[in-house]
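A.B. asks: Sharing data_4.tsv, TSV, N, CA and C atoms:
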chain	number	residue	atom	x	y	z
A	1	MET	N	75.50	38.17	104.00
A	1	MET	CA	75.52	39.59	103.72
A	1	MET	C	75.77	40.40	104.99
A	2	GLN	N	75.33	39.88	106.11
A	2	GLN	CA	75.53	40.58	107.38
A	2	GLN	C	77.01	40.75	107.67
A	3	THR	N	77.80	39.72	107.42
A	3	THR	CA	79.25	39.80	107.63
A	3	THR	C	79.88	40.81	106.68
A	4	ASN	N	79.41	40.83	105.45
A	4	ASN	CA	79.92	41.76	104.45
A	4	ASN	C	79.70	43.21	104.89
A	5	VAL	N	78.54	43.51	105.43
A	5	VAL	CA	78.23	44.87	105.89
A	5	VAL	C	79.09	45.22	107.10
A	6	LYS	N	79.32	44.26	107.99
A	6	LYS	CA	80.16	44.54	109.16
A	6	LYS	C	81.61	44.81	108.73
A	7	VAL	N	82.11	44.04	107.77
A	7	VAL	CA	83.45	44.29	107.25
A	7	VAL	C	83.52	45.69	106.65
A	8	LEU	N	82.50	46.06	105.91
A	8	LEU	CA	82.44	47.38	105.30
A	8	LEU	C	82.42	48.47	106.38
A	9	GLY	N	81.68	48.25	107.45
A	9	GLY	CA	81.65	49.20	108.56
A	9	GLY	C	83.02	49.38	109.18
A	10	TRP	N	83.72	48.27	109.44
A	10	TRP	CA	85.05	48.36	110.02
A	10	TRP	C	86.03	49.02	109.07
A	11	LEU	N	85.90	48.75	107.77
A	11	LEU	CA	86.78	49.41	106.80
A	11	LEU	C	86.58	50.93	106.83
A	12	HIS	N	85.32	51.36	106.92
A	12	HIS	CA	85.06	52.81	107.00
A	12	HIS	C	85.70	53.41	108.24
A	13	ILE	N	85.58	52.72	109.36
A	13	ILE	CA	86.15	53.23	110.61
A	13	ILE	C	87.68	53.29	110.52
A	14	VAL	N	88.29	52.21	110.08
A	14	VAL	CA	89.76	52.16	110.02
A	14	VAL	C	90.30	53.19	109.04
A	15	LEU	N	89.70	53.30	107.87
A	15	LEU	CA	90.18	54.28	106.89
A	15	LEU	C	89.96	55.71	107.38
A	16	GLY	N	88.87	55.95	108.10
A	16	GLY	CA	88.65	57.28	108.67
A	16	GLY	C	89.69	57.63	109.72
A	17	ILE	N	90.02	56.67	110.57
A	17	ILE	CA	91.04	56.90	111.60
A	17	ILE	C	92.40	57.11	110.95
A	18	LEU	N	92.70	56.33	109.92
A	18	LEU	CA	93.97	56.52	109.20
A	18	LEU	C	94.05	57.91	108.59
A	19	GLY	N	92.94	58.39	108.05
A	19	GLY	CA	92.91	59.75	107.51
A	19	GLY	C	93.20	60.79	108.57
A	20	LEU	N	92.63	60.62	109.76
A	20	LEU	CA	92.89	61.55	110.85
A	20	LEU	C	94.35	61.49	111.30
A	21	LEU	N	94.91	60.29	111.37
A	21	LEU	CA	96.31	60.16	111.76
A	21	LEU	C	97.24	60.81	110.74
A	22	ILE	N	96.93	60.64	109.47
A	22	ILE	CA	97.74	61.28	108.43
A	22	ILE	C	97.65	62.79	108.55
A	23	GLY	N	96.45	63.30	108.83
A	23	GLY	CA	96.29	64.74	109.02
A	23	GLY	C	97.12	65.26	110.18
A	24	CYS	N	97.13	64.52	111.28
A	24	CYS	CA	97.94	64.93	112.44
A	24	CYS	C	99.43	64.86	112.11
A	25	PHE	N	99.83	63.87	111.34
A	25	PHE	CA	101.23	63.74	110.94
A	25	PHE	C	101.64	64.92	110.05
A	26	VAL	N	100.75	65.34	109.16
A	26	VAL	CA	101.04	66.46	108.27
A	26	VAL	C	101.22	67.75	109.06
A	27	ILE	N	100.34	68.02	110.03
A	27	ILE	CA	100.49	69.26	110.79
A	27	ILE	C	101.76	69.22	111.64
A	28	ALA	N	102.13	68.05	112.14
A	28	ALA	CA	103.36	67.95	112.91
A	28	ALA	C	104.57	68.26	112.03
A	29	ILE	N	104.56	67.76	110.81
A	29	ILE	CA	105.67	68.04	109.89
A	29	ILE	C	105.71	69.52	109.54
A	30	MET	N	104.54	70.09	109.25
A	30	MET	CA	104.50	71.51	108.88
A	30	MET	C	105.00	72.40	110.02
A	31	MET	N	104.54	72.12	111.23
A	31	MET	CA	104.97	72.95	112.36
A	31	MET	C	106.45	72.75	112.65
A	32	SER	N	106.94	71.51	112.51
A	32	SER	CA	108.37	71.25	112.72
A	32	SER	C	109.22	71.96	111.69
A	33	ALA	N	108.77	71.95	110.45
A	33	ALA	CA	109.52	72.64	109.39
A	33	ALA	C	109.58	74.13	109.67
A	34	GLY	N	108.47	74.68	110.15
A	34	GLY	CA	108.46	76.10	110.49
A	34	GLY	C	109.40	76.42	111.65
A	35	LEU	N	109.43	75.54	112.65
A	35	LEU	CA	110.32	75.76	113.79
A	35	LEU	C	111.78	75.64	113.38
A	36	PHE	N	112.09	74.65	112.56
A	36	PHE	CA	113.49	74.45	112.16
A	36	PHE	C	114.00	75.54	111.22
A	37	SER	N	113.07	76.16	110.50
A	37	SER	CA	113.51	77.22	109.58
A	37	SER	C	113.97	78.45	110.35
A	38	GLY	N	113.38	78.69	111.51
A	38	GLY	CA	113.75	79.85	112.32
A	38	GLY	C	113.12	81.15	111.83
A	39	ASP	N	112.36	81.09	110.77
A	39	ASP	CA	111.72	82.28	110.20
A	39	ASP	C	110.29	82.37	110.75
A	40	ARG	N	109.96	83.51	111.37
A	40	ARG	CA	108.63	83.67	111.95
A	40	ARG	C	107.53	83.61	110.90
A	41	THR	N	107.78	84.20	109.75
A	41	THR	CA	106.77	84.19	108.68
A	41	THR	C	106.53	82.76	108.20
A	42	ALA	N	107.59	82.01	107.97
A	42	ALA	CA	107.45	80.62	107.52
A	42	ALA	C	106.72	79.80	108.58
A	43	MET	N	107.04	80.05	109.84
A	43	MET	CA	106.40	79.32	110.92
A	43	MET	C	104.89	79.59	110.93
A	44	GLY	N	104.51	80.83	110.78
A	44	GLY	CA	103.10	81.18	110.76
A	44	GLY	C	102.36	80.61	109.56
A	45	VAL	N	102.96	80.74	108.39
A	45	VAL	CA	102.32	80.24	107.17
A	45	VAL	C	102.17	78.72	107.22
A	46	LEU	N	103.23	78.03	107.62
A	46	LEU	CA	103.17	76.56	107.67
A	46	LEU	C	102.19	76.07	108.74
A	47	THR	N	102.08	76.79	109.83
A	47	THR	CA	101.10	76.42	110.86
A	47	THR	C	99.68	76.59	110.33
A	48	ILE	N	99.42	77.67	109.61
A	48	ILE	CA	98.09	77.89	109.04
A	48	ILE	C	97.77	76.82	108.00
A	49	ILE	N	98.72	76.51	107.12
A	49	ILE	CA	98.50	75.48	106.10
A	49	ILE	C	98.27	74.12	106.76
A	50	GLY	N	99.06	73.81	107.78
A	50	GLY	CA	98.89	72.54	108.48
A	50	GLY	C	97.54	72.43	109.17
A	51	THR	N	97.11	73.54	109.78
A	51	THR	CA	95.80	73.56	110.45
A	51	THR	C	94.68	73.37	109.44
A	52	LEU	N	94.79	74.02	108.30
A	52	LEU	CA	93.77	73.84	107.26
A	52	LEU	C	93.78	72.40	106.75
A	53	GLY	N	94.96	71.80	106.66
A	53	GLY	CA	95.06	70.40	106.25
A	53	GLY	C	94.38	69.46	107.23
A	54	VAL	N	94.57	69.71	108.52
A	54	VAL	CA	93.93	68.89	109.54
A	54	VAL	C	92.41	69.08	109.49
A	55	ALA	N	91.97	70.32	109.32
A	55	ALA	CA	90.53	70.58	109.23
A	55	ALA	C	89.94	69.86	108.02
A	56	LEU	N	90.64	69.87	106.90
A	56	LEU	CA	90.16	69.19	105.71
A	56	LEU	C	90.09	67.69	105.93
A	57	THR	N	91.10	67.10	106.53
A	57	THR	CA	91.06	65.65	106.77
A	57	THR	C	89.99	65.29	107.79
A	58	LEU	N	89.74	66.17	108.76
A	58	LEU	CA	88.65	65.92	109.70
A	58	LEU	C	87.30	65.92	108.99
A	59	VAL	N	87.11	66.90	108.12
A	59	VAL	CA	85.84	66.99	107.37
A	59	VAL	C	85.66	65.77	106.46
A	60	LEU	N	86.76	65.25	105.91
A	60	LEU	CA	86.66	64.11	105.00
A	60	LEU	C	86.65	62.77	105.73
A	61	SER	N	87.26	62.67	106.89
A	61	SER	CA	87.38	61.40	107.59
A	61	SER	C	86.25	61.14	108.58
A	62	ALA	N	85.75	62.16	109.22
A	62	ALA	CA	84.71	61.99	110.24
A	62	ALA	C	83.44	61.33	109.70
A	63	PRO	N	82.94	61.72	108.51
A	63	PRO	CA	81.74	61.04	108.01
A	63	PRO	C	81.96	59.54	107.78
A	64	GLY	N	83.16	59.15	107.39
A	64	GLY	CA	83.45	57.73	107.20
A	64	GLY	C	83.40	56.96	108.52
A	65	ILE	N	83.92	57.58	109.57
A	65	ILE	CA	83.87	56.94	110.89
A	65	ILE	C	82.43	56.81	111.36
A	66	VAL	N	81.66	57.88	111.19
A	66	VAL	CA	80.25	57.87	111.59
A	66	VAL	C	79.48	56.82	110.78
A	67	ALA	N	79.72	56.76	109.48
A	67	ALA	CA	79.05	55.77	108.63
A	67	ALA	C	79.43	54.36	109.05
A	68	GLY	N	80.70	54.14	109.38
A	68	GLY	CA	81.14	52.82	109.81
A	68	GLY	C	80.46	52.37	111.09
A	69	ILE	N	80.35	53.26	112.04
A	69	ILE	CA	79.67	52.93	113.30
A	69	ILE	C	78.20	52.62	113.03
A	70	GLY	N	77.57	53.42	112.18
A	70	GLY	CA	76.17	53.16	111.84
A	70	GLY	C	75.98	51.86	111.08
A	71	LEU	N	76.91	51.53	110.20
A	71	LEU	CA	76.81	50.26	109.47
A	71	LEU	C	76.92	49.07	110.41
A	72	LEU	N	77.77	49.16	111.40
A	72	LEU	CA	77.89	48.07	112.36
A	72	LEU	C	76.60	47.84	113.13
A	73	GLN	N	75.79	48.90	113.25
A	73	GLN	CA	74.52	48.80	113.97
A	73	GLN	C	73.33	48.65	113.02
A	74	PHE	N	73.62	48.54	111.72
A	74	PHE	CA	72.60	48.37	110.66
A	74	PHE	C	71.56	49.49	110.69
A	75	ARG	N	72.03	50.72	110.80
A	75	ARG	CA	71.15	51.89	110.76
A	75	ARG	C	70.90	52.27	109.31
A	76	SER	N	69.67	52.62	108.97
A	76	SER	CA	69.33	52.94	107.58
A	76	SER	C	70.02	54.22	107.11
A	77	TRP	N	70.19	55.19	108.00
A	77	TRP	CA	70.87	56.43	107.61
A	77	TRP	C	72.33	56.18	107.29
A	78	ALA	N	72.94	55.17	107.94
A	78	ALA	CA	74.35	54.86	107.69
A	78	ALA	C	74.52	54.27	106.29
A	79	ARG	N	73.54	53.50	105.85
A	79	ARG	CA	73.60	52.94	104.49
A	79	ARG	C	73.59	54.07	103.47
A	80	VAL	N	72.72	55.05	103.67
A	80	VAL	CA	72.64	56.19	102.75
A	80	VAL	C	73.94	56.99	102.79
A	81	LEU	N	74.46	57.26	103.98
A	81	LEU	CA	75.71	58.01	104.12
A	81	LEU	C	76.87	57.27	103.45
A	82	ALA	N	76.94	55.97	103.65
A	82	ALA	CA	78.03	55.18	103.05
A	82	ALA	C	77.91	55.17	101.52
A	83	LEU	N	76.71	55.15	101.01
A	83	LEU	CA	76.54	55.19	99.56
A	83	LEU	C	76.97	56.55	98.99
A	84	VAL	N	76.65	57.62	99.69
A	84	VAL	CA	77.09	58.95	99.25
A	84	VAL	C	78.62	59.03	99.28
A	85	LEU	N	79.21	58.54	100.36
A	85	LEU	CA	80.67	58.54	100.46
A	85	LEU	C	81.31	57.66	99.39
A	86	ALA	N	80.63	56.59	99.01
A	86	ALA	CA	81.16	55.68	97.98
A	86	ALA	C	81.31	56.41	96.65
A	87	PHE	N	80.35	57.27	96.32
A	87	PHE	CA	80.45	58.02	95.06
A	87	PHE	C	81.64	58.97	95.08
A	88	PHE	N	81.92	59.58	96.23
A	88	PHE	CA	83.10	60.44	96.33
A	88	PHE	C	84.39	59.61	96.30
A	89	ASN	N	84.36	58.42	96.90
A	89	ASN	CA	85.54	57.56	96.90
A	89	ASN	C	85.90	57.09	95.50
A	90	LEU	N	84.93	57.01	94.61
A	90	LEU	CA	85.21	56.57	93.24
A	90	LEU	C	86.24	57.47	92.56
A	91	LEU	N	86.33	58.72	92.99
A	91	LEU	CA	87.26	59.67	92.39
A	91	LEU	C	88.69	59.50	92.89
A	92	ALA	N	88.88	58.81	93.99
A	92	ALA	CA	90.22	58.64	94.58
A	92	ALA	C	90.87	57.37	94.03
A	93	VAL	N	91.43	57.51	92.84
A	93	VAL	CA	92.04	56.37	92.15
A	93	VAL	C	93.36	56.03	92.83
A	94	PRO	N	93.74	54.81	93.03
A	94	PRO	CA	93.09	53.54	92.74
A	94	PRO	C	92.35	52.94	93.94
A	95	HIS	N	92.86	53.18	95.17
A	95	HIS	CA	92.27	52.51	96.32
A	95	HIS	C	90.86	52.99	96.64
A	96	GLY	N	90.61	54.26	96.48
A	96	GLY	CA	89.27	54.78	96.74
A	96	GLY	C	88.24	54.23	95.77
A	97	THR	N	88.67	54.03	94.53
A	97	THR	CA	87.77	53.47	93.53
A	97	THR	C	87.37	52.05	93.90
A	98	VAL	N	88.34	51.26	94.32
A	98	VAL	CA	88.06	49.88	94.72
A	98	VAL	C	87.13	49.88	95.93
A	99	PHE	N	87.41	50.73	96.90
A	99	PHE	CA	86.58	50.81	98.10
A	99	PHE	C	85.17	51.29	97.76
A	100	GLY	N	85.07	52.27	96.87
A	100	GLY	CA	83.77	52.78	96.46
A	100	GLY	C	82.95	51.73	95.73
A	101	VAL	N	83.58	50.99	94.84
A	101	VAL	CA	82.87	49.93	94.10
A	101	VAL	C	82.42	48.84	95.06
A	102	TYR	N	83.29	48.46	96.00
A	102	TYR	CA	82.93	47.44	97.00
A	102	TYR	C	81.74	47.91	97.84
A	103	THR	N	81.75	49.17	98.22
A	103	THR	CA	80.63	49.71	99.00
A	103	THR	C	79.34	49.69	98.19
A	104	LEU	N	79.41	50.13	96.95
A	104	LEU	CA	78.21	50.16	96.11
A	104	LEU	C	77.66	48.76	95.88
A	105	ILE	N	78.53	47.82	95.56
A	105	ILE	CA	78.06	46.45	95.32
A	105	ILE	C	77.46	45.86	96.58
A	106	SER	N	78.09	46.11	97.72
A	106	SER	CA	77.62	45.53	98.97
A	106	SER	C	76.30	46.14	99.43
A	107	LEU	N	76.18	47.46	99.37
A	107	LEU	CA	75.01	48.11	99.97
A	107	LEU	C	73.82	48.25	99.02
A	108	LEU	N	74.06	48.12	97.71
A	108	LEU	CA	72.93	48.17	96.77
A	108	LEU	C	72.32	46.80	96.53
A	109	ASN	N	72.88	45.79	97.15
A	109	ASN	CA	72.34	44.44	97.07
A	109	ASN	C	70.99	44.38	97.80
A	110	THR	N	70.06	43.63	97.27
A	110	THR	CA	68.73	43.55	97.89
A	110	THR	C	68.78	42.89	99.27
A	111	ASP	N	69.70	41.93	99.44
A	111	ASP	CA	69.85	41.31	100.76
A	111	ASP	C	70.33	42.31	101.80
A	112	ALA	N	71.24	43.19	101.39
A	112	ALA	CA	71.74	44.21	102.31
A	112	ALA	C	70.64	45.21	102.63
A	113	ALA	N	69.85	45.57	101.63
A	113	ALA	CA	68.74	46.51	101.87
A	113	ALA	C	67.77	45.94	102.88
A	114	ALA	N	67.57	44.63	102.86
A	114	ALA	CA	66.66	43.99	103.81
A	114	ALA	C	67.21	44.09	105.23
A	115	LEU	N	68.53	44.03	105.38
A	115	LEU	CA	69.13	44.14	106.72
A	115	LEU	C	68.85	45.50	107.35
A	116	PHE	N	68.80	46.53	106.53
A	116	PHE	CA	68.62	47.89	107.03
A	116	PHE	C	67.15	48.27	107.17
A	117	ASN	N	66.26	47.47	106.66
A	117	ASN	CA	64.82	47.78	106.74
A	117	ASN	C	64.14	47.16	107.94
A	118	LYS	N	64.92	46.50	108.80
A	118	LYS	CA	64.31	45.87	109.97
A	118	LYS	C	63.84	46.89	110.97
Once more with this new file: its structure as structure tokens, please.
C.D. replies:
Amino acid sequence: MQTNVKVLGWLHIVLGILGLLIGCFVIAIMMSAGLFSGDRTAMGVLTIIGTLGVALTLVLSAPGIVAGIGLLQFRSWARVLALVLAFFNLLAVPHGTVFGVYTLISLLNTDAAALFNK
């Protein structure tokens, strides 16, 4: 079970970093589209939308990274955070659902609970 929790921790970290990279890619595209259009209004609007997109991905990705780091260290708060995130992941069909179910099965196991109660 210890290996399973570590894999889960790394998955949280990697998926969180991927979310941040996607957010940065989106703002780069938005700002580039605004620059190529040559329209000041379009440039401003697309920059604002891109910035809001990055802020949203930061808000959604950062807790996963924090939970992953905590899971690697077997912190009890990280187990709770990962379980909360798992319920939100269930809504992201199809990959989020699979990840959420894997998290729930792994962390609600009694053997896993024992790892975090040390």
A.B. asks: Please list, as a ChimeraX atom specification, the residues that have an atom at most 6 Å away from (106.3, 77.0, 108.2) in the coordinates of this file, counting only N, CA and C atoms.
C.D. replies: /A:30-31,33-35,41-47
A.B. asks: Write out as a PyMOL selection string all residues of range 70-113 of chain A that DSSP puts in alpha helix (DSSP H) for this structure's backbone.
C.D. replies: chain A and resi 70-72+76-89+95-107+110-113
A.B. asks: Any idea what the distance is between CA of Pro94 in chain A and CA of Phe116 in chain A?
C.D. replies: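 Rounded to one decimal, the two atoms are 28.9 Å apart.
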A.B. asks: Can you pull out every residue within 6.5 Å of His12 in chain A, counting all atoms listed in the file, but drop anything in the same chain fewer than 6 positions away, and send it as a count of residues only?
C.D. replies: 4
A.B. asks: Of the candidates A:Gly50, A:Arg75, A:Asp39, A:Ile27, which shows the shortest atom-to-atom distance to Lys118 in chain A, using only C-alpha atoms?
C.D. replies: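 Result for the nearest residue to Lys118 in chain A: A:Arg75.
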A.B. asks: I want to know what sits within 12 Å of Cys24 in chain A, based on only C-alpha atoms, with residues of the same chain fewer than 3 positions away left out; could you give that as an mmCIF file with N, CA and C atoms, in the frame of the given file?
C.D. replies:
data_model
loop_
_atom_site.group_PDB
_atom_site.id
_atom_site.type_symbol
_atom_site.label_atom_id
_atom_site.label_comp_id
_atom_site.auth_asym_id
_atom_site.auth_seq_id
_atom_site.Cartn_x
_atom_site.Cartn_y
_atom_site.Cartn_z
ATOM 1 N N ILE A 17 90.020 56.670 110.570
ATOM 2 C CA ILE A 17 91.040 56.900 111.600
ATOM 3 C C ILE A 17 92.400 57.110 110.950
ATOM 4 N N LEU A 18 92.700 56.330 109.920
ATOM 5 C CA LEU A 18 93.970 56.520 109.200
ATOM 6 C C LEU A 18 94.050 57.910 108.590
ATOM 7 N N GLY A 19 92.940 58.390 108.050
ATOM 8 C CA GLY A 19 92.910 59.750 107.510
ATOM 9 C C GLY A 19 93.200 60.790 108.570
ATOM 10 N N LEU A 20 92.630 60.620 109.760
ATOM 11 C CA LEU A 20 92.890 61.550 110.850
ATOM 12 C C LEU A 20 94.350 61.490 111.300
ATOM 13 N N LEU A 21 94.910 60.290 111.370
ATOM 14 C CA LEU A 21 96.310 60.160 111.760
ATOM 15 C C LEU A 21 97.240 60.810 110.740
ATOM 16 N N ILE A 27 100.340 68.020 110.030
ATOM 17 C CA ILE A 27 100.490 69.260 110.790
ATOM 18 C C ILE A 27 101.760 69.220 111.640
ATOM 19 N N ALA A 28 102.130 68.050 112.140
ATOM 20 C CA ALA A 28 103.360 67.950 112.910
ATOM 21 C C ALA A 28 104.570 68.260 112.030
ATOM 22 N N ILE A 29 104.560 67.760 110.810
ATOM 23 C CA ILE A 29 105.670 68.040 109.890
ATOM 24 C C ILE A 29 105.710 69.520 109.540
ATOM 25 N N MET A 30 104.540 70.090 109.250
ATOM 26 C CA MET A 30 104.500 71.510 108.880
ATOM 27 C C MET A 30 105.000 72.400 110.020
ATOM 28 N N MET A 31 104.540 72.120 111.230
ATOM 29 C CA MET A 31 104.970 72.950 112.360
ATOM 30 C C MET A 31 106.450 72.750 112.650
ATOM 31 N N GLY A 50 99.060 73.810 107.780
ATOM 32 C CA GLY A 50 98.890 72.540 108.480
ATOM 33 C C GLY A 50 97.540 72.430 109.170
ATOM 34 N N THR A 51 97.110 73.540 109.780
ATOM 35 C CA THR A 51 95.800 73.560 110.450
ATOM 36 C C THR A 51 94.680 73.370 109.440
ATOM 37 N N LEU A 52 94.790 74.020 108.300
ATOM 38 C CA LEU A 52 93.770 73.840 107.260
ATOM 39 C C LEU A 52 93.780 72.400 106.750
ATOM 40 N N GLY A 53 94.960 71.800 106.660
ATOM 41 C CA GLY A 53 95.060 70.400 106.250
ATOM 42 C C GLY A 53 94.380 69.460 107.230
ATOM 43 N N VAL A 54 94.570 69.710 108.520
ATOM 44 C CA VAL A 54 93.930 68.890 109.540
ATOM 45 C C VAL A 54 92.410 69.080 109.490
ATOM 46 N N ALA A 55 91.970 70.320 109.320
ATOM 47 C CA ALA A 55 90.530 70.580 109.230
ATOM 48 C C ALA A 55 89.940 69.860 108.020
ATOM 49 N N LEU A 56 90.640 69.870 106.900
ATOM 50 C CA LEU A 56 90.160 69.190 105.710
ATOM 51 C C LEU A 56 90.090 67.690 105.930
ATOM 52 N N THR A 57 91.100 67.100 106.530
ATOM 53 C CA THR A 57 91.060 65.650 106.770
ATOM 54 C C THR A 57 89.990 65.290 107.790
ATOM 55 N N LEU A 58 89.740 66.170 108.760
ATOM 56 C CA LEU A 58 88.650 65.920 109.700
ATOM 57 C C LEU A 58 87.300 65.920 108.990
#
A.B. asks: How many Å lie between atom C of Val84 in chain A and CA of Ile48 in chain A, rounded to one decimal?
C.D. replies: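 Separating atom C of Val84 in chain A from CA of Ile48 in chain A is a distance of 28.8 Å.
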A.B. asks: If I take CA of Ile105 in chain A and CA of Val14 in chain A, how far is one from the other in Å, to one decimal?
C.D. replies: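 CA of Val14 in chain A lies at a distance of 19.6 Å from CA of Ile105 in chain A.
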A.B. asks: Determine the nearest neighbour of Leu85 in chain A from the options A:Thr103, A:Thr110, A:Asn117, A:Gln2, counting all atoms listed in the file.
C.D. replies: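 Comparing A:Thr103, A:Thr110, A:Asn117, A:Gln2 against Leu85 in chain A, the winner is A:Thr103.
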A.B. asks: Env of range 4-6 of chain A: 6.5 Å cut, atoms = only N, CA and C atoms, seq-sep filter 3 positions within chain, self excluded. Answer as a ChimeraX atom specification.
C.D. replies: /A:1,9-11,71-72
A.B. asks: Find the residues around Phe87 in chain A up to 8 Å (only N, CA and C atoms counted), leave out those fewer than 6 positions away in its own chain, and share them as a PyMOL selection string.
C.D. replies: chain A and resi 81+99-101+103-104
